[in-house]
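S.K.: Enclosed is the structure file structure.pdb (PDB, C-alpha atoms, pLDDT in the B column).
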```
MODEL        1
ATOM      1  CA  MET A   1       0.000   0.000   0.000  1.00 56.00           C
ATOM      2  CA  SER A   2       1.386   3.391  -0.995  1.00 76.00           C
ATOM      3  CA  PHE A   3       0.197   6.823   0.074  1.00 90.00           C
ATOM      4  CA  THR A   4       1.917  10.036  -1.012  1.00 94.00           C
ATOM      5  CA  ILE A   5       1.141  13.716  -0.550  1.00 96.00           C
ATOM      6  CA  LEU A   6       2.363  16.860  -2.238  1.00 97.00           C
ATOM      7  CA  ALA A   7       2.694  19.794   0.125  1.00 97.00           C
ATOM      8  CA  GLU A   8       3.814  23.394   0.193  1.00 97.00           C
ATOM      9  CA  VAL A   9       6.496  23.608   2.900  1.00 96.00           C
ATOM     10  CA  GLU A  10       8.372  26.469   4.557  1.00 95.00           C
ATOM     11  CA  VAL A  11      11.586  25.710   6.457  1.00 94.00           C
ATOM     12  CA  LEU A  12      11.601  27.522   9.803  1.00 91.00           C
ATOM     13  CA  LYS A  13      14.336  29.242  11.796  1.00 88.00           C
ATOM     14  CA  VAL A  14      14.932  27.493  15.118  1.00 85.00           C
ATOM     15  CA  ASN A  15      15.862  29.702  18.074  1.00 80.00           C
ATOM     16  CA  ASP A  16      18.738  27.514  19.231  1.00 78.00           C
ATOM     17  CA  LYS A  17      22.277  28.639  18.354  1.00 75.00           C
ATOM     18  CA  ASP A  18      23.472  25.018  18.352  1.00 77.00           C
ATOM     19  CA  PHE A  19      20.877  23.792  15.842  1.00 79.00           C
ATOM     20  CA  LEU A  20      20.340  24.739  12.188  1.00 78.00           C
ATOM     21  CA  ALA A  21      16.897  23.832  10.863  1.00 79.00           C
ATOM     22  CA  ARG A  22      17.733  22.266   7.516  1.00 83.00           C
ATOM     23  CA  PHE A  23      17.139  18.954   5.875  1.00 88.00           C
ATOM     24  CA  ILE A  24      18.236  17.011   2.842  1.00 92.00           C
ATOM     25  CA  ASN A  25      16.481  15.034   0.145  1.00 92.00           C
ATOM     26  CA  GLY A  26      15.334  11.727   1.653  1.00 92.00           C
ATOM     27  CA  ALA A  27      15.131  13.103   5.205  1.00 92.00           C
ATOM     28  CA  ARG A  28      12.762  11.304   7.590  1.00 91.00           C
ATOM     29  CA  PRO A  29      11.426  13.956   9.961  1.00 91.00           C
ATOM     30  CA  ALA A  30       8.544  13.386  12.329  1.00 90.00           C
ATOM     31  CA  ILE A  31       5.240  14.815  11.113  1.00 91.00           C
ATOM     32  CA  SER A  32       2.484  16.100  13.368  1.00 91.00           C
ATOM     33  CA  TYR A  33      -1.005  17.354  12.551  1.00 92.00           C
ATOM     34  CA  LYS A  34      -4.268  17.782  14.422  1.00 88.00           C
ATOM     35  CA  SER A  35      -6.056  14.656  13.081  1.00 82.00           C
ATOM     36  CA  LEU A  36      -3.068  12.500  14.048  1.00 83.00           C
ATOM     37  CA  GLU A  37      -3.088  13.893  17.586  1.00 74.00           C
ATOM     38  CA  THR A  38      -6.775  13.038  18.039  1.00 67.00           C
ATOM     39  CA  SER A  39      -6.175   9.502  16.755  1.00 68.00           C
ATOM     40  CA  GLY A  40      -3.940   8.719  19.732  1.00 66.00           C
ATOM     41  CA  ALA A  41      -0.466   9.525  18.373  1.00 70.00           C
ATOM     42  CA  SER A  42       1.100  12.953  18.114  1.00 64.00           C
ATOM     43  CA  PHE A  43       4.062  12.214  15.821  1.00 72.00           C
ATOM     44  CA  ALA A  44       4.873   9.761  13.050  1.00 84.00           C
ATOM     45  CA  SER A  45       7.731   9.463  10.580  1.00 86.00           C
ATOM     46  CA  CYS A  46       7.567  10.412   6.925  1.00 91.00           C
ATOM     47  CA  SER A  47      10.044  10.533   4.050  1.00 92.00           C
ATOM     48  CA  ILE A  48      10.643  13.807   2.197  1.00 94.00           C
ATOM     49  CA  ASN A  49      11.459  14.016  -1.520  1.00 95.00           C
ATOM     50  CA  LEU A  50      12.753  17.465  -2.488  1.00 94.00           C
ATOM     51  CA  GLY A  51      12.885  16.724  -6.221  1.00 90.00           C
ATOM     52  CA  ASN A  52      15.924  18.406  -7.827  1.00 91.00           C
ATOM     53  CA  VAL A  53      16.924  20.143  -4.581  1.00 91.00           C
ATOM     54  CA  GLU A  54      19.574  18.479  -2.397  1.00 91.00           C
ATOM     55  CA  GLU A  55      19.210  20.537   0.793  1.00 94.00           C
ATOM     56  CA  VAL A  56      16.874  23.235   2.169  1.00 94.00           C
ATOM     57  CA  PHE A  57      17.507  25.931   4.772  1.00 91.00           C
ATOM     58  CA  PRO A  58      15.460  28.313   6.958  1.00 92.00           C
ATOM     59  CA  GLY A  59      13.365  30.647   4.833  1.00 93.00           C
ATOM     60  CA  ASP A  60      13.152  28.255   1.874  1.00 94.00           C
ATOM     61  CA  LYS A  61       9.654  27.603   0.532  1.00 96.00           C
ATOM     62  CA  LEU A  62       9.065  24.733  -1.857  1.00 95.00           C
ATOM     63  CA  GLU A  63       6.736  21.947  -2.870  1.00 96.00           C
ATOM     64  CA  VAL A  64       7.750  18.524  -1.564  1.00 96.00           C
ATOM     65  CA  GLU A  65       6.519  14.980  -1.990  1.00 96.00           C
ATOM     66  CA  SER A  66       6.161  12.893   1.133  1.00 95.00           C
ATOM     67  CA  ASP A  67       5.319   9.275   1.805  1.00 92.00           C
ATOM     68  CA  PHE A  68       4.766   7.526   5.097  1.00 89.00           C
ATOM     69  CA  LEU A  69       6.182   4.553   6.965  1.00 82.00           C
ATOM     70  CA  SER A  70       2.637   3.693   8.129  1.00 84.00           C
ATOM     71  CA  PRO A  71       0.378   4.815   5.248  1.00 88.00           C
ATOM     72  CA  GLU A  72      -2.662   3.052   6.729  1.00 86.00           C
ATOM     73  CA  VAL A  73      -2.529   5.491   9.669  1.00 85.00           C
ATOM     74  CA  HIS A  74      -2.250   8.672   7.583  1.00 89.00           C
ATOM     75  CA  GLU A  75      -4.448   8.080   4.544  1.00 91.00           C
ATOM     76  CA  PRO A  76      -7.805   8.285   6.373  1.00 91.00           C
ATOM     77  CA  LEU A  77      -6.707  11.357   8.384  1.00 91.00           C
ATOM     78  CA  MET A  78      -5.219  13.585   5.675  1.00 93.00           C
ATOM     79  CA  HIS A  79      -7.002  15.938   3.301  1.00 95.00           C
ATOM     80  CA  VAL A  80      -6.100  18.789   0.954  1.00 97.00           C
ATOM     81  CA  GLY A  81      -5.561  21.946   3.005  1.00 97.00           C
ATOM     82  CA  LEU A  82      -4.417  20.094   6.158  1.00 96.00           C
ATOM     83  CA  GLU A  83      -1.646  21.988   7.956  1.00 97.00           C
ATOM     84  CA  PHE A  84       1.216  20.072   9.576  1.00 95.00           C
ATOM     85  CA  GLY A  85       4.595  20.487  11.239  1.00 94.00           C
ATOM     86  CA  LEU A  86       7.852  18.645  10.545  1.00 93.00           C
ATOM     87  CA  TYR A  87      10.130  17.976  13.513  1.00 90.00           C
ATOM     88  CA  ALA A  88      13.742  16.959  14.125  1.00 87.00           C
ATOM     89  CA  GLY A  89      13.740  15.865  17.745  1.00 84.00           C
ATOM     90  CA  PRO A  90      12.085  18.623  19.796  1.00 86.00           C
ATOM     91  CA  TRP A  91      12.606  21.277  17.102  1.00 87.00           C
ATOM     92  CA  LYS A  92       9.900  22.223  14.619  1.00 89.00           C
ATOM     93  CA  ILE A  93      11.941  22.599  11.424  1.00 91.00           C
ATOM     94  CA  ALA A  94       9.178  23.236   8.881  1.00 93.00           C
ATOM     95  CA  LYS A  95       5.482  23.888   8.484  1.00 96.00           C
ATOM     96  CA  GLY A  96       3.376  22.884   5.537  1.00 97.00           C
ATOM     97  CA  LYS A  97      -0.003  22.443   3.948  1.00 98.00           C
ATOM     98  CA  VAL A  98      -1.200  19.438   1.918  1.00 98.00           C
ATOM     99  CA  SER A  99      -1.895  20.424  -1.704  1.00 97.00           C
ATOM    100  CA  PHE A 100      -2.525  16.989  -3.303  1.00 96.00           C
ATOM    101  CA  LEU A 101      -3.143  13.372  -2.205  1.00 95.00           C
ATOM    102  CA  SER A 102      -2.268  10.297  -4.250  1.00 89.00           C
TER     103      SER A 102
ENDMDL
END
```
Can the structure in the file be given as structure tokens, please?
M.R.:
Amino acid sequence: MSFTILAEVEVLKVNDKDFLARFINGARPAISYKSLETSGASFASCSINLGNVEEVFPGDKLEVESDFLSPEVHEPLMHVGLEFGLYAGPWKIAKGKVSFLS
């Protein structure tokens, strides 16, 4: 079973001098969104495909493709327009909005 989303994502600046909010193509950040929180889990892992881009930094805005390690959990909860956060440990490194489901 495969479930992929396209999303508009903005990489955020993290207020921690020892941490740079960036990620590379193929990164597996944790994703969190309201529907997931009400289903009993607050975070789950996803895989990010940046297309032709190798690495993104704070302030970058781009469209990404993402698939999930547990698609059966996410597919019934996601919809176009859903807002989410991407996390690396305790740091929120990006925010996004689902633009397409496949």
S.K.: At a cut-off of 9 Å, using all atoms listed in the file, what residues contact stretch 57-72 of chain A? Leave out same-chain residues fewer than 6 positions from it and give the result as a VMD selection string.
M.R.: chain A and resid 1 to 14 20 to 23 44 to 51 93 to 94 99
S.K.: One decimal, in Å: what's the spacing between atom CA of A:Ala27 and atom CA of A:Lys92?
M.R.: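 Distance between the two atoms: 14.1 Å.
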S.K.: May I ask for the distance between atom CA of A:Glu75 and atom CA of A:Gly89, given in Å to one decimal place?
M.R.: 23.8 Å
S.K.: Just how far from atom CA of A:Lys17 is atom CA of A:Ile31, in Å to one decimal?
M.R.: 23.1 Å
S.K.: Name the residues captured by the PyMOL selection byres ((chain A and resi 81) around 6) when it is applied to the shown file; answer as a short mmCIF file (atom, residue, chain, number, x, y, z; two decimals) with C-alpha atoms, in the coordinates of the input.
M.R.:
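File produced: part16.cif:
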```cif
data_model
loop_
_atom_site.label_atom_id
_atom_site.label_comp_id
_atom_site.auth_asym_id
_atom_site.auth_seq_id
_atom_site.Cartn_x
_atom_site.Cartn_y
_atom_site.Cartn_z
CA VAL A 80 -6.10 18.79 0.95
CA LEU A 82 -4.42 20.09 6.16
CA LYS A 97 0.00 22.44 3.95
CA VAL A 98 -1.20 19.44 1.92
#
```
S.K.: Could you tell me, as a ChimeraX atom specification, exactly which residues end up selected when the PyMOL selection byres ((chain A and resi 77) around 9) is applied to this structure?
M.R.: /A:35-36,39,73-76,78-79
S.K.: Write to file, as a short mmCIF file (atom, residue, chain, number, x, y, z; two decimals), in the coordinates of the input, the residues of the selection just made, with C-alpha atoms.
M.R.:
```cif
data_model
loop_
_atom_site.label_atom_id
_atom_site.label_comp_id
_atom_site.auth_asym_id
_atom_site.auth_seq_id
_atom_site.Cartn_x
_atom_site.Cartn_y
_atom_site.Cartn_z
CA SER A 35 -6.06 14.66 13.08
CA LEU A 36 -3.07 12.50 14.05
CA SER A 39 -6.18 9.50 16.76
CA VAL A 73 -2.53 5.49 9.67
CA HIS A 74 -2.25 8.67 7.58
CA GLU A 75 -4.45 8.08 4.54
CA PRO A 76 -7.80 8.28 6.37
CA MET A 78 -5.22 13.58 5.68
CA HIS A 79 -7.00 15.94 3.30
#
```
S.K.: Measuring atom to atom with only C-alpha atoms, identify which of A:Ile24, A:Ser102, A:Asn15, A:Phe84 is nearest to A:Phe43.
M.R.: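 Using only C-alpha atoms, A:Phe43 sits closest to A:Phe84.
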S.K.: Select, from A:Gly85, A:Asp16, A:Asn25, A:Trp91, the residue with the minimum atom-to-atom distance to A:Glu37, counting only C-alpha atoms.
M.R.: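 Closest residue, counting only C-alpha atoms: A:Gly85.
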S.K.: Name the closest residue to A:Ala30 among the candidates A:Val53, A:Phe100, A:Lys95, A:Tyr87; distances are taken between atoms, counting all atoms listed in the file.
M.R.: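 Checking each of A:Val53, A:Phe100, A:Lys95, A:Tyr87 against A:Ala30, counting all atoms listed in the file, the winner is A:Tyr87.
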